[in-house]
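Printed here is run35.pdb (PDB, C-alpha atoms):
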ATOM      1  CA  MET A  53     -27.896 -14.620  -8.985  1.00  0.00           C
ATOM      2  CA  THR A  54     -26.515 -16.801  -6.187  1.00  0.00           C
ATOM      3  CA  ILE A  55     -26.400 -15.116  -2.763  1.00  0.00           C
ATOM      4  CA  LEU A  56     -23.795 -16.592  -0.432  1.00  0.00           C
ATOM      5  CA  PRO A  57     -24.796 -16.713   3.272  1.00  0.00           C
ATOM      6  CA  GLU A  58     -23.013 -14.256   5.538  1.00  0.00           C
ATOM      7  CA  ARG A  59     -22.462 -16.697   8.412  1.00  0.00           C
ATOM      8  CA  MET A  60     -19.478 -19.034   8.469  1.00  0.00           C
ATOM      9  CA  LEU A  61     -20.228 -22.593   7.415  1.00  0.00           C
ATOM     10  CA  LEU A  62     -18.480 -25.655   8.812  1.00  0.00           C
ATOM     11  CA  VAL A  63     -18.140 -27.967   5.838  1.00  0.00           C
ATOM     12  CA  SER A  64     -16.076 -30.967   4.914  1.00  0.00           C
ATOM     13  CA  ARG A  65     -13.235 -30.798   2.411  1.00  0.00           C
ATOM     14  CA  ASP A  66     -15.474 -32.206  -0.359  1.00  0.00           C
ATOM     15  CA  LYS A  67     -18.210 -29.689   0.387  1.00  0.00           C
ATOM     16  CA  MET A  68     -15.654 -26.886   0.433  1.00  0.00           C
ATOM     17  CA  GLN A  69     -14.644 -27.847  -3.114  1.00  0.00           C
ATOM     18  CA  ILE A  70     -18.289 -27.593  -4.150  1.00  0.00           C
ATOM     19  CA  VAL A  71     -18.579 -24.168  -2.520  1.00  0.00           C
ATOM     20  CA  ARG A  72     -15.442 -22.985  -4.328  1.00  0.00           C
ATOM     21  CA  CYS A  73     -16.841 -24.188  -7.646  1.00  0.00           C
ATOM     22  CA  LEU A  74     -20.083 -22.325  -6.977  1.00  0.00           C
ATOM     23  CA  VAL A  75     -18.139 -19.141  -6.195  1.00  0.00           C
ATOM     24  CA  VAL A  76     -16.229 -19.440  -9.476  1.00  0.00           C
ATOM     25  CA  LEU A  77     -19.497 -20.057 -11.324  1.00  0.00           C
ATOM     26  CA  TRP A  78     -21.122 -17.040  -9.612  1.00  0.00           C
ATOM     27  CA  ALA A  79     -18.178 -14.859 -10.653  1.00  0.00           C
ATOM     28  CA  ALA A  80     -18.433 -16.076 -14.237  1.00  0.00           C
ATOM     29  CA  ILE A  81     -22.181 -15.368 -14.310  1.00  0.00           C
ATOM     30  CA  SER A  82     -21.568 -11.872 -12.892  1.00  0.00           C
ATOM     31  CA  LEU A  83     -19.043 -11.099 -15.621  1.00  0.00           C
ATOM     32  CA  CYS A  84     -21.420 -12.395 -18.263  1.00  0.00           C
ATOM     33  CA  SER A  85     -24.211 -10.204 -16.895  1.00  0.00           C
ATOM     34  CA  CYS A  86     -22.827  -7.272 -18.898  1.00  0.00           C
ATOM     35  CA  SER A  87     -25.384  -7.416 -21.693  1.00  0.00           C
ATOM     36  CA  SER A  88     -25.943  -5.233 -24.734  1.00  0.00           C
ATOM     37  CA  ASN A  89     -26.515  -2.306 -22.369  1.00  0.00           C
ATOM     38  CA  VAL A  90     -23.425  -2.995 -20.259  1.00  0.00           C
ATOM     39  CA  ARG A  91     -20.301  -3.912 -22.229  1.00  0.00           C
ATOM     40  CA  THR A  92     -16.979  -5.287 -20.969  1.00  0.00           C
ATOM     41  CA  ASP A  93     -13.374  -4.485 -21.865  1.00  0.00           C
ATOM     42  CA  PRO A  94     -10.979  -4.757 -23.630  1.00  0.00           C
ATOM     43  CA  SER A  95     -12.003  -2.361 -26.404  1.00  0.00           C
ATOM     44  CA  PRO A  96      -9.942  -0.467 -28.977  1.00  0.00           C
ATOM     45  CA  LEU A  97      -9.472   3.150 -27.920  1.00  0.00           C
ATOM     46  CA  SER A  98     -11.253   4.289 -31.072  1.00  0.00           C
ATOM     47  CA  MET A  99     -14.235   2.145 -30.039  1.00  0.00           C
ATOM     48  CA  LEU A 100     -14.576   3.544 -26.536  1.00  0.00           C
ATOM     49  CA  PRO A 101     -18.172   4.633 -25.972  1.00  0.00           C
ATOM     50  CA  ALA A 102     -19.165   8.190 -26.617  1.00  0.00           C
ATOM     51  CA  ALA A 103     -19.191  10.200 -23.404  1.00  0.00           C
ATOM     52  CA  SER A 104     -22.883  10.905 -23.922  1.00  0.00           C
ATOM     53  CA  VAL A 105     -25.714   9.502 -26.022  1.00  0.00           C
ATOM     54  CA  GLY A 106     -28.913  11.511 -25.908  1.00  0.00           C
ATOM     55  CA  GLU A 107     -29.834  12.049 -22.265  1.00  0.00           C
ATOM     56  CA  HIS A 108     -27.459   9.333 -21.067  1.00  0.00           C
ATOM     57  CA  PHE A 109     -23.762   9.363 -20.155  1.00  0.00           C
ATOM     58  CA  ASN A 110     -21.600   6.263 -20.545  1.00  0.00           C
ATOM     59  CA  VAL A 111     -19.580   5.286 -17.475  1.00  0.00           C
ATOM     60  CA  ILE A 112     -16.703   2.775 -17.400  1.00  0.00           C
ATOM     61  CA  VAL A 113     -16.699   1.035 -14.015  1.00  0.00           C
ATOM     62  CA  GLU A 114     -13.350   0.843 -12.188  1.00  0.00           C
ATOM     63  CA  ALA A 115     -14.506  -0.291  -8.736  1.00  0.00           C
ATOM     64  CA  SER A 116     -17.475  -2.556  -8.081  1.00  0.00           C
ATOM     65  CA  ALA A 117     -19.766  -1.925  -5.141  1.00  0.00           C
ATOM     66  CA  GLY A 118     -18.579  -4.267  -2.400  1.00  0.00           C
ATOM     67  CA  SER A 119     -14.924  -4.216  -3.497  1.00  0.00           C
ATOM     68  CA  HIS A 120     -11.964  -2.765  -1.595  1.00  0.00           C
ATOM     69  CA  TYR A 121     -10.012  -2.120  -4.790  1.00  0.00           C
ATOM     70  CA  ARG A 122     -10.267   0.229  -7.740  1.00  0.00           C
ATOM     71  CA  ASN A 123      -9.099  -1.137 -11.089  1.00  0.00           C
ATOM     72  CA  ALA A 124      -7.118   1.476 -12.997  1.00  0.00           C
ATOM     73  CA  ILE A 125      -7.964   1.552 -16.708  1.00  0.00           C
ATOM     74  CA  VAL A 126      -4.617   1.598 -18.527  1.00  0.00           C
ATOM     75  CA  ILE A 127      -4.346   2.539 -22.196  1.00  0.00           C
ATOM     76  CA  GLU A 128      -1.874   0.333 -24.063  1.00  0.00           C
ATOM     77  CA  GLU A 129      -1.494   0.210 -27.843  1.00  0.00           C
ATOM     78  CA  GLY A 130      -4.960   1.562 -28.447  1.00  0.00           C
ATOM     79  CA  ARG A 131      -6.644  -0.759 -25.938  1.00  0.00           C
ATOM     80  CA  PHE A 132      -7.598  -0.440 -22.296  1.00  0.00           C
ATOM     81  CA  ARG A 133      -7.220  -3.080 -19.626  1.00  0.00           C
ATOM     82  CA  LYS A 134      -7.870  -3.398 -15.902  1.00  0.00           C
ATOM     83  CA  VAL A 135      -5.029  -3.145 -13.408  1.00  0.00           C
ATOM     84  CA  ARG A 136      -5.665  -3.528  -9.676  1.00  0.00           C
ATOM     85  CA  ASP A 137      -4.682  -0.233  -8.102  1.00  0.00           C
ATOM     86  CA  SER A 138      -3.592  -0.810  -4.500  1.00  0.00           C
ATOM     87  CA  ILE A 139      -2.921   2.911  -4.072  1.00  0.00           C
ATOM     88  CA  THR A 140      -6.626   3.739  -4.310  1.00  0.00           C
ATOM     89  CA  ALA A 141      -7.712   0.778  -2.168  1.00  0.00           C
ATOM     90  CA  THR A 142     -10.111   1.852   0.548  1.00  0.00           C
ATOM     91  CA  HIS A 143      -8.743   1.474   4.079  1.00  0.00           C
ATOM     92  CA  PHE A 144     -12.250   1.586   5.472  1.00  0.00           C
ATOM     93  CA  LEU A 145     -15.341  -0.437   4.526  1.00  0.00           C
ATOM     94  CA  PRO A 146     -15.606  -1.587   0.867  1.00  0.00           C
ATOM     95  CA  TYR A 147     -17.023   0.678  -1.840  1.00  0.00           C
ATOM     96  CA  PRO A 148     -20.763   1.220  -1.154  1.00  0.00           C
ATOM     97  CA  THR A 149     -21.312   2.265  -4.787  1.00  0.00           C
ATOM     98  CA  ASN A 150     -19.757   1.506  -8.137  1.00  0.00           C
ATOM     99  CA  ALA A 151     -17.023   3.990  -9.028  1.00  0.00           C
ATOM    100  CA  GLY A 152     -15.738   4.831 -12.477  1.00  0.00           C
ATOM    101  CA  PHE A 153     -15.427   7.562 -15.064  1.00  0.00           C
ATOM    102  CA  ILE A 154     -17.031   9.094 -18.125  1.00  0.00           C
ATOM    103  CA  PRO A 155     -14.572   8.688 -21.049  1.00  0.00           C
ATOM    104  CA  MET A 156     -14.180  12.193 -22.440  1.00  0.00           C
ATOM    105  CA  LEU A 157     -12.069  11.643 -25.553  1.00  0.00           C
ATOM    106  CA  LYS A 158     -10.586  14.743 -27.171  1.00  0.00           C
ATOM    107  CA  ASP A 159      -7.854  14.779 -29.832  1.00  0.00           C
ATOM    108  CA  SER A 160      -7.132  11.079 -29.162  1.00  0.00           C
ATOM    109  CA  LEU A 161      -6.528  11.843 -25.484  1.00  0.00           C
ATOM    110  CA  LEU A 162      -8.697  10.243 -22.818  1.00  0.00           C
ATOM    111  CA  THR A 163      -9.813  12.577 -20.041  1.00  0.00           C
ATOM    112  CA  PRO A 164     -11.629  10.465 -17.427  1.00  0.00           C
ATOM    113  CA  TYR A 165     -14.284  12.293 -15.412  1.00  0.00           C
ATOM    114  CA  PRO A 166     -14.879  10.699 -11.970  1.00  0.00           C
ATOM    115  CA  VAL A 167     -18.318   9.235 -11.275  1.00  0.00           C
ATOM    116  CA  TRP A 168     -20.139   7.318  -8.549  1.00  0.00           C
ATOM    117  CA  ILE A 169     -23.037   5.040  -9.565  1.00  0.00           C
ATOM    118  CA  LEU A 170     -25.822   4.297  -7.075  1.00  0.00           C
ATOM    119  CA  SER A 171     -26.876   0.886  -8.373  1.00  0.00           C
ATOM    120  CA  ALA A 172     -26.508  -2.853  -8.002  1.00  0.00           C
ATOM    121  CA  SER A 173     -22.885  -4.019  -8.108  1.00  0.00           C
ATOM    122  CA  VAL A 174     -21.367  -4.065 -11.606  1.00  0.00           C
ATOM    123  CA  PRO A 175     -18.095  -5.853 -12.554  1.00  0.00           C
ATOM    124  CA  ALA A 176     -15.110  -3.579 -13.171  1.00  0.00           C
ATOM    125  CA  GLY A 177     -14.617  -2.895 -16.873  1.00  0.00           C
ATOM    126  CA  CYS A 178     -18.329  -2.726 -17.696  1.00  0.00           C
ATOM    127  CA  ILE A 179     -19.781   0.263 -19.515  1.00  0.00           C
ATOM    128  CA  VAL A 180     -23.041   1.489 -17.963  1.00  0.00           C
ATOM    129  CA  PRO A 181     -25.336   4.192 -19.406  1.00  0.00           C
ATOM    130  CA  CYS A 182     -26.302   6.571 -16.592  1.00  0.00           C
ATOM    131  CA  GLN A 183     -28.063   9.807 -15.770  1.00  0.00           C
ATOM    132  CA  PRO A 184     -26.698  12.496 -13.407  1.00  0.00           C
ATOM    133  CA  LEU A 185     -28.252  12.622  -9.944  1.00  0.00           C
ATOM    134  CA  ALA A 186     -26.019  15.021  -8.018  1.00  0.00           C
ATOM    135  CA  LEU A 187     -22.860  17.097  -8.125  1.00  0.00           C
ATOM    136  CA  LEU A 188     -20.371  16.251  -5.374  1.00  0.00           C
ATOM    137  CA  ASP A 189     -17.528  18.547  -4.314  1.00  0.00           C
ATOM    138  CA  TYR A 190     -15.053  17.736  -1.544  1.00  0.00           C
ATOM    139  CA  VAL A 191     -11.472  18.308  -0.447  1.00  0.00           C
ATOM    140  CA  HIS A 192      -9.162  15.279  -0.371  1.00  0.00           C
ATOM    141  CA  LYS A 193      -5.882  15.844   1.471  1.00  0.00           C
ATOM    142  CA  GLY A 194      -5.864  19.492   0.429  1.00  0.00           C
ATOM    143  CA  ASP A 195      -6.954  18.921  -3.202  1.00  0.00           C
ATOM    144  CA  ALA A 196     -10.375  20.097  -4.419  1.00  0.00           C
ATOM    145  CA  ILE A 197     -12.247  17.212  -6.100  1.00  0.00           C
ATOM    146  CA  ARG A 198     -15.410  17.432  -8.178  1.00  0.00           C
ATOM    147  CA  SER A 199     -17.309  14.310  -9.197  1.00  0.00           C
ATOM    148  CA  ILE A 200     -20.797  13.297 -10.284  1.00  0.00           C
ATOM    149  CA  VAL A 201     -23.178  10.907  -8.535  1.00  0.00           C
ATOM    150  CA  MET A 202     -25.247   9.029 -11.119  1.00  0.00           C
ATOM    151  CA  VAL A 203     -28.009   6.448 -11.415  1.00  0.00           C
ATOM    152  CA  PRO A 204     -28.144   3.735 -14.097  1.00  0.00           C
ATOM    153  CA  SER A 205     -30.406   3.929 -17.108  1.00  0.00           C
ATOM    154  CA  VAL A 206     -30.523   0.103 -17.108  1.00  0.00           C
ATOM    155  CA  ASP A 207     -33.643  -1.025 -15.234  1.00  0.00           C
ATOM    156  CA  SER A 208     -32.048  -4.226 -13.915  1.00  0.00           C
ATOM    157  CA  LEU A 209     -29.366  -2.185 -12.127  1.00  0.00           C
ATOM    158  CA  ASP A 210     -31.645   0.576 -10.820  1.00  0.00           C
ATOM    159  CA  VAL A 211     -32.239  -0.935  -7.381  1.00  0.00           C
ATOM    160  CA  TYR A 212     -32.891   2.378  -5.586  1.00  0.00           C
ATOM    161  CA  GLN A 213     -35.346   3.915  -8.073  1.00  0.00           C
ATOM    162  CA  ILE A 214     -33.977   7.403  -7.428  1.00  0.00           C
ATOM    163  CA  LYS A 215     -34.552   9.996 -10.149  1.00  0.00           C
ATOM    164  CA  THR A 216     -33.729  13.343  -8.524  1.00  0.00           C
ATOM    165  CA  PHE A 217     -31.486  14.748  -5.813  1.00  0.00           C
ATOM    166  CA  GLU A 218     -34.647  15.597  -3.876  1.00  0.00           C
ATOM    167  CA  ASP A 219     -35.560  11.883  -3.928  1.00  0.00           C
ATOM    168  CA  LEU A 220     -32.122  11.045  -2.537  1.00  0.00           C
ATOM    169  CA  SER A 221     -32.318  13.695   0.185  1.00  0.00           C
ATOM    170  CA  LEU A 222     -35.892  13.069   1.335  1.00  0.00           C
ATOM    171  CA  GLN A 223     -36.636   9.415   0.614  1.00  0.00           C
ATOM    172  CA  HIS A 224     -33.130   7.926   0.870  1.00  0.00           C
ATOM    173  CA  ASP A 225     -31.430  10.211   3.366  1.00  0.00           C
ATOM    174  CA  GLY A 226     -29.884   7.184   5.116  1.00  0.00           C
ATOM    175  CA  LEU A 227     -28.220   6.128   1.863  1.00  0.00           C
ATOM    176  CA  LYS A 228     -26.868   9.641   1.309  1.00  0.00           C
ATOM    177  CA  TYR A 229     -25.599   9.815   4.897  1.00  0.00           C
ATOM    178  CA  ALA A 230     -23.959   6.376   4.723  1.00  0.00           C
ATOM    179  CA  PHE A 231     -22.189   7.202   1.458  1.00  0.00           C
ATOM    180  CA  GLU A 232     -20.979  10.551   2.800  1.00  0.00           C
ATOM    181  CA  TYR A 233     -19.728   8.914   6.013  1.00  0.00           C
ATOM    182  CA  TRP A 234     -17.859   6.278   3.990  1.00  0.00           C
ATOM    183  CA  LEU A 235     -16.353   8.958   1.753  1.00  0.00           C
ATOM    184  CA  ARG A 236     -15.047  10.877   4.753  1.00  0.00           C
ATOM    185  CA  ASN A 237     -13.266   7.795   6.104  1.00  0.00           C
ATOM    186  CA  LYS A 238     -12.221   5.737   3.073  1.00  0.00           C
ATOM    187  CA  SER A 239      -8.685   7.157   2.990  1.00  0.00           C
ATOM    188  CA  GLY A 240      -8.327   7.622   6.730  1.00  0.00           C
ATOM    189  CA  VAL A 241     -10.126   9.745   9.290  1.00  0.00           C
ATOM    190  CA  GLY A 242     -10.025  13.430   8.355  1.00  0.00           C
ATOM    191  CA  SER A 243      -8.605  12.865   4.862  1.00  0.00           C
ATOM    192  CA  ILE A 244     -11.762  14.195   3.196  1.00  0.00           C
ATOM    193  CA  SER A 245     -13.605  17.324   4.263  1.00  0.00           C
ATOM    194  CA  ARG A 246     -15.846  20.185   3.098  1.00  0.00           C
ATOM    195  CA  ILE A 247     -18.365  18.022   1.265  1.00  0.00           C
ATOM    196  CA  ARG A 248     -20.902  19.963  -0.820  1.00  0.00           C
ATOM    197  CA  TRP A 249     -23.813  18.564  -2.832  1.00  0.00           C
ATOM    198  CA  GLY A 250     -25.530  19.991  -5.901  1.00  0.00           C
ATOM    199  CA  ASP A 251     -28.711  18.736  -7.571  1.00  0.00           C
ATOM    200  CA  GLU A 252     -29.152  16.850 -10.860  1.00  0.00           C
ATOM    201  CA  ILE A 253     -29.625  20.059 -12.840  1.00  0.00           C
ATOM    202  CA  GLU A 254     -26.305  21.473 -11.657  1.00  0.00           C
ATOM    203  CA  ALA A 255     -24.620  18.103 -12.272  1.00  0.00           C
ATOM    204  CA  LYS A 256     -25.898  17.805 -15.847  1.00  0.00           C
ATOM    205  CA  ARG A 257     -25.038  21.431 -16.642  1.00  0.00           C
ATOM    206  CA  HIS A 258     -21.493  20.865 -15.397  1.00  0.00           C
ATOM    207  CA  LEU A 259     -21.061  17.692 -17.483  1.00  0.00           C
ATOM    208  CA  VAL A 260     -22.302  19.413 -20.625  1.00  0.00           C
ATOM    209  CA  GLU A 261     -19.830  22.244 -20.014  1.00  0.00           C
ATOM    210  CA  GLN A 262     -16.997  19.727 -19.667  1.00  0.00           C
ATOM    211  CA  LEU A 263     -17.987  17.991 -22.897  1.00  0.00           C
ATOM    212  CA  ASN A 264     -18.111  21.263 -24.814  1.00  0.00           C
ATOM    213  CA  LYS A 265     -14.720  22.532 -23.674  1.00  0.00           C
TER     214      LYS A 265
END
Whole structure given in structure tokens:
Amino acid sequence: MTILPERMLLVSRDKMQIVRCLVVLWAAISLCSCSSNVRTDPSPLSMLPAASVGEHFNVIVEASAGSHYRNAIVIEEGRFRKVRDSITATHFLPYPTNAGFIPMLKDSLLTPYPVWILSASVPAGCIVPCQPLALLDYVHKGDAIRSIVMVPSVDSLDVYQIKTFEDLSLQHDGLKYAFEYWLRNKSGVGSISRIRWGDEIEAKRHLVEQLNK
């Protein structure tokens, strides 16, 4: 994986062309990084992944960590495609985690369940098997929101090596604080309030209840 330097580089026009080519190549490699464990769209609606497989839950990524935009997954003629959603663009710092949903399909209707993935950045449209880490409740502009914070089951994406909510709270408290601070400010100061966390047991129990409805 090519890591671009953060500082500004003064380059000639020819060198700039080379840099642009490298950026395009890096993007292509990133999209191809979705392997047998992480699949990309488009997919027929009937071939959407099961919401859960064994102990894992499949998550379709809508916003990559490091992006300002969330890609809405639109169902058209039995297929889903990515559409940049400017309405859900963060007006603060870019997404610190991947954001997406668990595809709960009932009676041919897709009910997306919101999820945050603490992992390396994953291209929007990828399908990532995950395990629940925490339940997250908050109020967004007067509306009560419940979502699940998850960690990937794919070793190459599991950069934090967090298995339980206790691990997150005790060993990665800075990560938890930074994510919570971002969440409070992503839609404007004061737009999100009354944040409450639950552990991985509560999160998994809630997901199972949603699947069995």
Determine the residue set returned by the PyMOL selection byres ((chain A and resi 216) around 10) for the present structure, and present it as a list in words.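 That selection, the PyMOL selection byres ((chain A and resi 216) around 10), comes back as Gln183, Pro184, Leu185, Ala186, Met202, Val203, Gln213, Ile214, Lys215, Phe217, Glu218, Asp219, Leu220, Ser221, Asp251, Glu252 and Ile253 of chain A.
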(-3.3, 15.8, 4.5) in this file's frame - what residues fall within 12 Å of it? Use all atoms listed in the file and give the answer as a PyMOL selection string. chain A and resi 191-195+239-245
Taking the file as I've supplied it (selection: the PyMOL selection byres ((chain A and resi 157-172) around 7)), which residues are included? Please answer as a short mmCIF file (atom, residue, chain, number, x, y, z; two decimals) with C-alpha atoms, in the frame of the given file.
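Printed below is out-v4.cif as written:
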data_model
loop_
_atom_site.label_atom_id
_atom_site.label_comp_id
_atom_site.auth_asym_id
_atom_site.auth_seq_id
_atom_site.Cartn_x
_atom_site.Cartn_y
_atom_site.Cartn_z
CA THR A 149 -21.31 2.26 -4.79
CA ASN A 150 -19.76 1.51 -8.14
CA ALA A 151 -17.02 3.99 -9.03
CA GLY A 152 -15.74 4.83 -12.48
CA PHE A 153 -15.43 7.56 -15.06
CA ILE A 154 -17.03 9.09 -18.12
CA PRO A 155 -14.57 8.69 -21.05
CA MET A 156 -14.18 12.19 -22.44
CA SER A 173 -22.88 -4.02 -8.11
CA VAL A 174 -21.37 -4.07 -11.61
CA SER A 199 -17.31 14.31 -9.20
CA ILE A 200 -20.80 13.30 -10.28
CA VAL A 201 -23.18 10.91 -8.54
CA MET A 202 -25.25 9.03 -11.12
CA VAL A 203 -28.01 6.45 -11.42
CA PRO A 204 -28.14 3.74 -14.10
CA LEU A 209 -29.37 -2.18 -12.13
CA ASP A 210 -31.64 0.58 -10.82
CA VAL A 211 -32.24 -0.94 -7.38
CA TYR A 212 -32.89 2.38 -5.59
#
Atom CA of Val260 of chain A and atom CA of Asp189 of chain A, how far apart in Å?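 It comes out at 17.0 Å.
Each of A:Phe109, A:Trp249, A:Tyr121, A:Tyr190 was compared to Ala176 of chain A using all atoms listed in the file, and A:Tyr121 turns out to be the nearest.
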My list of candidates is A:Pro181, A:Arg248, A:Lys228, A:Ser119. Which is closest to Arg198 of chain A when distances are computed with only C-alpha atoms? A:Arg248
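Straight-line separation from atom CA of Glu232 of chain A to atom CA of Phe144 of chain A: 12.8 Å.
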